[in-house]
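The structure appears right after this line, and notes come after that.
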Amino acid sequence: MFPERGVRVSVGFWVILAVAALISPLEVVVSVLLAAAVHECGHLLFLRLLHVPVEGLRLSALGAEIFAPGTQRISYGGELLVTLAGPAVNLLTAVIFAEISLRTQWLGGYLFAGTNIILGAYNLLPILPLDGGRTVYLVTAFFFGPMIGDAVAAVVGTACALSLLVLGIYLSVVSGSGMFFLLASVSLLFRTLPQLALAKNAVKV
């Protein structure tokens with residue numbers, strides 16, 4: 001829930017941006033920010049097509065969150081289109097820039113295409129609040145109701161986050177290069193645990 005409307009930027013976003021700027025080349029950081037902007041434009045485009053007003057935007061360590069209460073009035077199918085629009089636009093952008101780069105040998109285009117693929121794939125992970133986790137909820141809720149949808153999304157998200165955490169620990173121990181991945185996995189896991197507790201209580205009721 002957003003405490004205020006408008007655009008808000010969390011401290012975590014600035015921390016992640018500062019760390020990225022320290023450990024990554026400038027062109028990589030710029031490419032990631034542009035791919036993230038493309039992703040959000042996909043969501044915003046479909047919200048506009050469905051006549052859903054956007055009232056707020058928050059940038060956090062896990063990315064951007066759009067505040068659009070009007071999505072509660074559209075169908076599960078409509079919300080699913082909005083949810084998948086972000087990753088879909090990333091993948092479409094990747095295809096376009098990969099084709100341009102093949103024709104022109106533009107190295108920056110390859111970088112941007114790869115960044116869009118990675119960002120699109122990351123957001124399709126079945127972990128709330130990522131688009132993949134929201135997709136799991138919407139599909140399950142459509143067939144079995146919102147209570148079961150919450151429970152299934154929470155369980156699937158927690159299992160996926162734990163798997164990523166184990167992978168992050170393995171990469172850090174074996175190669176010494178998985179620390180950033182490990183931190184992201186821990187952050188995702190901490191986001192899923194409260195949802196798992198709420199879903200458990202809801203099912204009991």
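All residue names refer to the structure tokens as shown: chains lettered A, B, ... in order, residues numbered from 1 in each chain, ligands numbered from 1 in order.
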
Backbone DSSP call of strand (DSSP E or B) for region 24-191 of chain A, listed as a PyMOL selection string: chain A and resi 56-60+63-67

Neighbour list for region 30-37 of chain A as a PyMOL selection string, cut-off 7 Å, only C-alpha atoms, skip fewer than 3 positions in-chain: chain A and resi 26-27+40-41+90+112+115-116

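Comparing A:Val29, A:Leu102, A:Gly42, A:Ser60 by their smallest distance to Trp14 (chain A), the closest is A:Ser60 (using only C-alpha atoms).
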
Distance criterion (only C-alpha atoms): nearest to Leu17 (chain A) out of A:Ile96, A:His39, A:Leu119, A:Gly63: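 Of A:Ile96, A:His39, A:Leu119, A:Gly63, the one nearest Leu17 (chain A) is A:Gly63, counting only C-alpha atoms.
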
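When only C-alpha atoms are used to compute distances to Pro25 (chain A), the closest of the residues A:Leu165, A:Leu111, A:Val155, A:Leu188 turns out to be A:Leu111.
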
Pairwise distance for CA of Gly145 (chain A) and CA of Arg73 (chain A), rounded to one decimal in Å: 15.8 Å

Thr135 (chain A) environment, 8 Å, only C-alpha atoms, sequence neighbours closer than 5 positions dropped, as a list in words: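 Listed by chain and then number, they are Leu80, Thr83, Leu84 and Pro126 of chain A.
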
Region 8-205 of chain A: residues DSSP assigns to alpha helix (DSSP H), reported as a ChimeraX atom specification: /A:11-23,26-49,76-104,107-123,131-144,146-174,179-204
